[in-house]
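K.L.:
Next up is a structure, given as structure tokens.
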Amino acid sequence: MFRNAVRHLKKFRRDQRGAVLVEMTLVAPLMLLLSAGVFEFGNLIHDKLLMEAGLTDAARFGARCNSQMYTDAGLSAIDCADIATNIAVYGTASLTVDGSGKVTNTPRVSGWEKADVTVTIGAAGSCHDAVSGGVTQYRSVTAQVCIVRAAGTYPYSGVGMLALLNIGSITLSGSHEERLIRF
């Protein structure tokens, strides 16, 4: 009986049938996990880049917006910071509102809201001397240079991979600064 068992073990060891199935069973879960992780990371980076593009657009608009020009022309004054926030989140200056008062525009990043964005235009403390101690800090024809800052956060919840790993939402944050120009 012992010889019979040894003979079957030698035969089993030389047999290659099913080896690929065993290897695939070991490797497939790891490959699927890595692929899902790459997809999740790509989605996170995509949302971060969309958010940063919105903040850049908002700061650029805020740096060039001049509400005083509208007032001087006899038009109603505009809120440059509010419009810049709309541009950051929705990619457009004006919002479309339905009959119930709900905004129907689609945000750049799903779930991103105006409350997550702050645009400060020439706030106290954001103006700096162009020349300080005889050293040129900013190239400017004016004595002071003021800054427009757009900052925002976005609670990234992901597509599910983070939940599998028991990781909660990640808060993405970004900001962009521009020199105040005001045409």
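All residue names refer to the structure tokens as shown: chains lettered A, B, ... in order, residues numbered from 1 in each chain, ligands numbered from 1 in order.
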DSSP on the backbone, then: every residue of stretch 23-178 of chain A marked strand (DSSP E), written as a PyMOL selection string.

P.N.:
chain A and resi 117-121+127-129+131-132+135-136+144-156+170-178

K.L.:
What does the file look like for those residues with C-alpha atoms, as a compact mmCIF listing (two decimals), in the first residue's frame?

P.N.:
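The resulting file, out-v5.txt, is reproduced below:
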```txt
# COMPACT_ATOMS: atom_id res chain seq x y z
CA VAL A 117 -14.86 77.46 -2.10
CA THR A 118 -13.59 80.78 -0.76
CA VAL A 119 -12.50 83.62 -3.05
CA THR A 120 -10.86 86.63 -1.43
CA ILE A 121 -10.20 89.67 -3.58
CA CYS A 127 -1.47 93.64 -0.30
CA HIS A 128 2.31 93.72 -0.16
CA ASP A 129 4.90 96.40 -0.86
CA VAL A 131 9.78 97.14 -3.02
CA SER A 132 10.79 96.22 0.51
CA VAL A 135 14.73 94.91 -2.86
CA THR A 136 12.07 94.45 -5.54
CA GLN A 144 1.68 97.85 -3.55
CA VAL A 145 0.63 94.58 -5.12
CA CYS A 146 -2.61 92.96 -3.99
CA ILE A 147 -3.42 89.27 -4.30
CA VAL A 148 -6.60 87.38 -5.19
CA ARG A 149 -6.81 83.94 -3.59
CA ALA A 150 -9.19 81.13 -4.47
CA ALA A 151 -9.11 78.19 -2.06
CA GLY A 152 -11.33 75.18 -1.79
CA THR A 153 -11.81 71.73 -0.36
CA TYR A 154 -13.59 68.65 -1.68
CA PRO A 155 -14.54 65.57 0.35
CA TYR A 156 -13.53 62.75 -2.01
CA ILE A 170 -10.29 61.98 1.87
CA THR A 171 -10.49 65.77 1.83
CA LEU A 172 -8.77 67.23 -1.21
CA SER A 173 -7.72 70.85 -0.93
CA GLY A 174 -6.18 73.36 -3.26
CA SER A 175 -5.63 77.05 -3.82
CA HIS A 176 -4.49 79.48 -6.47
CA GLU A 177 -3.28 83.07 -6.20
CA GLU A 178 -3.23 85.79 -8.85
```

K.L.:
Can you pull out the residues contacting A:Ser76? Cut-off 9 Å, using only C-alpha atoms, and skip same-chain residues under 5 positions away; I want them as a PyMOL selection string.

P.N.:
chain A and resi 67+70-71

K.L.:
I need the residues from that last selection saved to file as a compact mmCIF listing (two decimals), in the first residue's frame (with N, CA and C atoms), if you can.

P.N.:
```txt
# COMPACT_ATOMS: atom_id res chain seq x y z
N SER A 67 -15.96 95.55 -10.05
CA SER A 67 -17.36 95.89 -9.82
C SER A 67 -17.58 97.39 -9.87
N TYR A 70 -18.79 98.69 -13.23
CA TYR A 70 -20.23 98.54 -13.48
C TYR A 70 -21.00 99.68 -12.81
N THR A 71 -20.64 100.01 -11.59
CA THR A 71 -21.31 101.08 -10.86
C THR A 71 -21.10 102.43 -11.56
```

K.L.:
Point out the residue among A:Gly158, A:Gly125, A:Gly62, A:Gly91 with the least atom-to-atom distance to A:Gly42, counting only C-alpha atoms.

P.N.:
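Counting only C-alpha atoms, the residue closest to A:Gly42 is A:Gly158.
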
K.L.:
Show me, as a compact mmCIF listing (two decimals) with C-alpha atoms, in the first residue's frame, the residues that have an atom within 7 Å of stretch 108-112 of chain A when counting only C-alpha atoms, minus same-chain residues fewer than 4 positions from it.

P.N.:
```txt
# COMPACT_ATOMS: atom_id res chain seq x y z
CA ASP A 47 -11.06 65.07 -9.33
CA LEU A 50 -10.66 69.44 -12.00
CA MET A 51 -10.86 71.16 -8.64
CA VAL A 89 -17.51 75.16 -8.96
CA TYR A 90 -19.67 75.19 -12.11
CA GLY A 91 -17.37 76.58 -14.80
CA ASP A 116 -16.51 74.52 -0.26
CA TYR A 154 -13.59 68.65 -1.68
```

K.L.:
Please return, as JSON, numbers by chain, all residues of chain A that DSSP assigns to helix (DSSP H, G or I) on the basis of the backbone.

P.N.:
{"A": [2, 3, 4, 5, 6, 7, 8, 9, 10, 11, 12, 13, 14, 19, 20, 21, 22, 23, 24, 25, 26, 27, 28, 29, 30, 31, 32, 33, 34, 35, 36, 37, 38, 39, 40, 41, 42, 43, 44, 45, 46, 47, 48, 49, 50, 51, 52, 53, 54, 55, 56, 57, 58, 59, 60, 61, 62, 63, 64, 67, 68, 69, 70, 71, 72, 80, 81, 82, 83, 84, 85, 86, 87, 88, 89, 90, 114, 115, 116, 161, 162, 163, 164]}

K.L.:
Contacts of A:Arg64 at 12 Å or less, counting only C-alpha atoms, minus same-chain residues fewer than 3 places along, as a PyMOL selection string?

P.N.:
chain A and resi 57-61+67-69+80-81+83-84+121-122+146-148+178-183
